[in-house]
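A short write-up of the structure that comes next.
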Number of protein chains: 4
Amino acid sequence: MKPEVPSHATPTDIRVRYADTDQMGFAYYANYPVWFEVGRASFLRERGVPYGDWEERGFILPVSSVAYRLFSPARYDDLVTVDTWVEKVRSRSILFRYTVSRGSTLLAEGETTHICINRDLRPTALPRDLRDAVDPRPGTGAL
Amino acid sequence: MKPEVPSHATPTDIRVRYADTDQMGFAYYANYPVWFEVGRASFLRERGVPYGDWEERGFILPVSSVAYRLFSPARYDDLVTVDTWVEKVRSRSILFRYTVSRGSTLLAEGETTHICINRDLRPTALPRDLRDAVDPRPGTGAL
Amino acid sequence: MKPEVPSHATPTDIRVRYADTDQMGFAYYANYPVWFEVGRASFLRERGVPYGDWEERGFILPVSSVAYRLFSPARYDDLVTVDTWVEKVRSRSILFRYTVSRGSTLLAEGETTHICINRDLRPTALPRDLRDAVDPRPGTGAL
Amino acid sequence: MKPEVPSHATPTDIRVRYADTDQMGFAYYANYPVWFEVGRASFLRERGVPYGDWEERGFILPVSSVAYRLFSPARYDDLVTVDTWVEKVRSRSILFRYTVSRGSTLLAEGETTHICINRDLRPTALPRDLRDAVDPRPGTGAL
């Protein structure tokens, strides 16, 4: 099963570490949110808006929800690809989607929703330039 | 907001470690699936069917899906409570639900679905005694 | 082999999580520094000087060196005990020692050295009350 | 300070993840043993003897001791280099050394000792071809 990944997704290769394995011989299931984070970081860096810059400007993006499904296990030393894209941008939140695959095998798919808060931890609007940089529909403006 | 937890849930206290924190000063979001696992282990131990026994008997319960929502951050040294219960048992899968709270504050809620496989990694039926031990509706039999 | 633990050590029980295991079926070796941290937190809390308070007062204790030896593996669901004590306090550093055991079996022993820095990340002297609280030789004053 | 790294060391680049940070804003200290593992995997893969092959042949290399010193913190999104080499090979153990640096700045240095055990978890001699592949003194034979 080949994952359906939009053309504007960013691929990131991740090597499964021994630290990631568990006694089942699989990558432990809490690694997927970590790999999603690595995918997001690549996506934002590629768009010219590395996440570190957001925090420096006072825009923090904590996760408000996570969902993922696991179809097939990843194993030690596998080279997996996390494809990451933004599904939706709202004034105060972003929805990221991910697939994790090994070659043509889809291992997992997931999504994370992020809200935007400021340094006082209050919800705040995403600045225009950051929204535009990640918006999946360039030209139409964010939702 | 006080979490709604069924009376047959098992509470487990977890102290937030420095290792769990991130530079936002919150517990990093991939800790929640780990804490769910700690909650599941307590739940199964309390029911007299520790997870290690399942594996020894050749019944392995990998996670097939995960979903959770985060309402309020956990912080270093917080003592949080994971309440864990089984929502549904099928012949080859189990649905666990969780809340994470600090005192009367609900921090997160989530669920994980597990399938049952044998040592050859093939789907297999949960044995009757294990199903009965975790079934939320004792006396009626599992679904 | 029964670990040699001084009488002023603080014991902390830790249950080995599935997350901690690796495909060898052992607790992965990078868990030991995490368990040492849990032991330190207990030690400091018991002495009335929880580590969170140090940071709130502006005294941060990053690790400058770590060493540990592993004698026997910890396994899933083991209840291990981390015994933690302060071996030496200097004006700007603390040396912690640890043993990890399961019942009467010594699994590991280790040590961590911490320097004291302030919020500007500059080395600073440990305040007298904190030194006294952790000093292994009460009455004689820190080194 | 430029780390002293022998010419037969293998460099591996690792991007510091948000998951790796703690509330000090540094990479948490238990990440270093994980990064050493990533470095070892690269080293062995480059020598043509990936660690997975060792385990498949029944030679398991658990860690028996770890030591590292931290000179300067790694931070979120830093690209750090782990240089890895074998310092010594004995009939039943291997000593790896590591440096972690960011550009010309040495952040950390460390070492791990590994013993060789078989599937029954008994100490066993390293096979000749594996010893030769990692030996730092090719031609002279392992110690």
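Labels used: A, B, ... for chains in the order of the structure tokens, numbers from 1 for residues in each chain, and numbers from 1 for ligands as shown.
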Quick one: residues within 9 Å of Thr10 (chain A), only C-alpha atoms counted, chain neighbours fewer than 5 positions away excluded, as a PyMOL selection string? chain A and resi 39-40+42-43+46+82-85
Output for the residues just chosen: C-alpha atoms as a CSV table (one decimal), in the first residue's frame:
```csv
chain,number,residue,atom,x,y,z
A,39,GLY,CA,9.0,15.8,10.2
A,40,ARG,CA,7.5,19.2,11.3
A,42,SER,CA,12.0,19.7,8.4
A,43,PHE,CA,8.8,21.0,6.9
A,46,GLU,CA,12.2,23.9,4.2
A,82,VAL,CA,8.2,10.8,7.4
A,83,ASP,CA,6.2,12.8,4.9
A,84,THR,CA,4.8,15.9,6.5
A,85,TRP,CA,2.4,18.5,5.3
```
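Using only C-alpha atoms, the chain C residues found within 8 Å of chain B amount to Arg17, Tyr18, Ala19, Val34, Glu37, Val38, Gly52, Tyr76 and Asp77 of chain C.
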What does the file look like for those residues with N, CA, C and O atoms, as a PDB file, in the first residue's frame?
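Resulting contents of again_22.pdb:
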```
ATOM      1  N   ARG C  17       9.389   0.304  32.605  1.00  0.00           N
ATOM      2  CA  ARG C  17       8.304   0.458  31.640  1.00  0.00           C
ATOM      3  C   ARG C  17       8.614  -0.317  30.354  1.00  0.00           C
ATOM      4  O   ARG C  17       9.776  -0.533  30.027  1.00  0.00           O
ATOM      5  N   TYR C  18       7.568  -0.645  29.626  1.00  0.00           N
ATOM      6  CA  TYR C  18       7.776  -1.257  28.313  1.00  0.00           C
ATOM      7  C   TYR C  18       8.596  -0.302  27.435  1.00  0.00           C
ATOM      8  O   TYR C  18       9.448  -0.730  26.651  1.00  0.00           O
ATOM      9  N   ALA C  19       8.333   0.976  27.578  1.00  0.00           N
ATOM     10  CA  ALA C  19       9.069   1.996  26.826  1.00  0.00           C
ATOM     11  C   ALA C  19      10.573   1.909  27.066  1.00  0.00           C
ATOM     12  O   ALA C  19      11.364   2.314  26.211  1.00  0.00           O
ATOM     13  N   VAL C  34      18.398   8.563  33.409  1.00  0.00           N
ATOM     14  CA  VAL C  34      17.058   9.057  33.740  1.00  0.00           C
ATOM     15  C   VAL C  34      16.674   8.591  35.147  1.00  0.00           C
ATOM     16  O   VAL C  34      16.170   9.369  35.961  1.00  0.00           O
ATOM     17  N   GLU C  37      18.300  10.574  37.720  1.00  0.00           N
ATOM     18  CA  GLU C  37      17.602  11.862  37.915  1.00  0.00           C
ATOM     19  C   GLU C  37      16.404  11.683  38.842  1.00  0.00           C
ATOM     20  O   GLU C  37      16.148  12.525  39.715  1.00  0.00           O
ATOM     21  N   VAL C  38      15.662  10.605  38.662  1.00  0.00           N
ATOM     22  CA  VAL C  38      14.509  10.351  39.529  1.00  0.00           C
ATOM     23  C   VAL C  38      14.998  10.169  40.974  1.00  0.00           C
ATOM     24  O   VAL C  38      14.390  10.693  41.923  1.00  0.00           O
ATOM     25  N   GLY C  52      13.096  21.738  42.002  1.00  0.00           N
ATOM     26  CA  GLY C  52      12.332  22.858  41.429  1.00  0.00           C
ATOM     27  C   GLY C  52      12.568  24.157  42.191  1.00  0.00           C
ATOM     28  O   GLY C  52      12.625  25.236  41.591  1.00  0.00           O
ATOM     29  N   TYR C  76      11.544  -5.788  31.795  1.00  0.00           N
ATOM     30  CA  TYR C  76      10.194  -5.246  31.842  1.00  0.00           C
ATOM     31  C   TYR C  76       9.485  -5.602  33.149  1.00  0.00           C
ATOM     32  O   TYR C  76       9.495  -6.764  33.560  1.00  0.00           O
ATOM     33  N   ASP C  77       8.888  -4.589  33.734  1.00  0.00           N
ATOM     34  CA  ASP C  77       8.036  -4.721  34.916  1.00  0.00           C
ATOM     35  C   ASP C  77       8.810  -4.986  36.192  1.00  0.00           C
ATOM     36  O   ASP C  77       8.208  -5.082  37.271  1.00  0.00           O
TER      37      ASP C  77
END
```
Write out as a PDB file with C-alpha atoms, in the first residue's frame the residues lying within 9 Å of Ala67 (chain D), counting only C-alpha atoms and excluding same-chain residues fewer than 3 positions away.
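So around-v2.pdb came out as:
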```pdb
ATOM      1  CA  SER C  65      29.996  14.261  34.044  1.00  0.00           C
ATOM      2  CA  VAL C  66      28.376  10.861  34.221  1.00  0.00           C
ATOM      3  CA  ALA C  67      29.755   7.386  34.790  1.00  0.00           C
ATOM      4  CA  TYR C  68      28.006   4.110  35.391  1.00  0.00           C
ATOM      5  CA  ARG C  69      28.600   0.390  35.245  1.00  0.00           C
TER       6      ARG C  69
ATOM      7  CA  GLU D 109      33.254  13.223  24.991  1.00  0.00           C
ATOM      8  CA  GLY D 110      32.555   9.738  26.187  1.00  0.00           C
ATOM      9  CA  GLU D 111      33.169   6.041  26.017  1.00  0.00           C
ATOM     10  CA  THR D 112      31.227   2.815  26.293  1.00  0.00           C
TER      11      THR D 112
END
```
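Among the candidates B:Ala125, B:Ile94, B:Arg119, B:Pro136, the residue lying nearest to Ser7 (chain B) is B:Pro136 (atoms considered: only C-alpha atoms).
Atom pair CA of Ser101 (chain D) / CA of Leu44 (chain A) has a distance of 24.6 Å (rounded to one decimal).
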What separation in Å, quoted to one decimal, exists between CA of Asp135 (chain A) and CA of Val89 (chain A)? 6.1 Å
DSSP on the backbone, strand (DSSP E or B) only: what residues of chain B does that give? Format it as a PyMOL selection string. chain B and resi 10-15+21+27+60+63-70+79-89+93-102+105-115+117+123
So how far away is CA of Val49 (chain A) from CA of Val80 (chain D), in Å? 20.5 Å
Exercise: Pro127 (chain A) partners within 12 Å, only C-alpha atoms, chain neighbours under 6 positions left out, as JSON, numbers by chain: {"A": [49, 54, 57, 58, 59, 60, 89, 90, 91, 92, 93, 116, 117, 118, 133, 134, 142]}
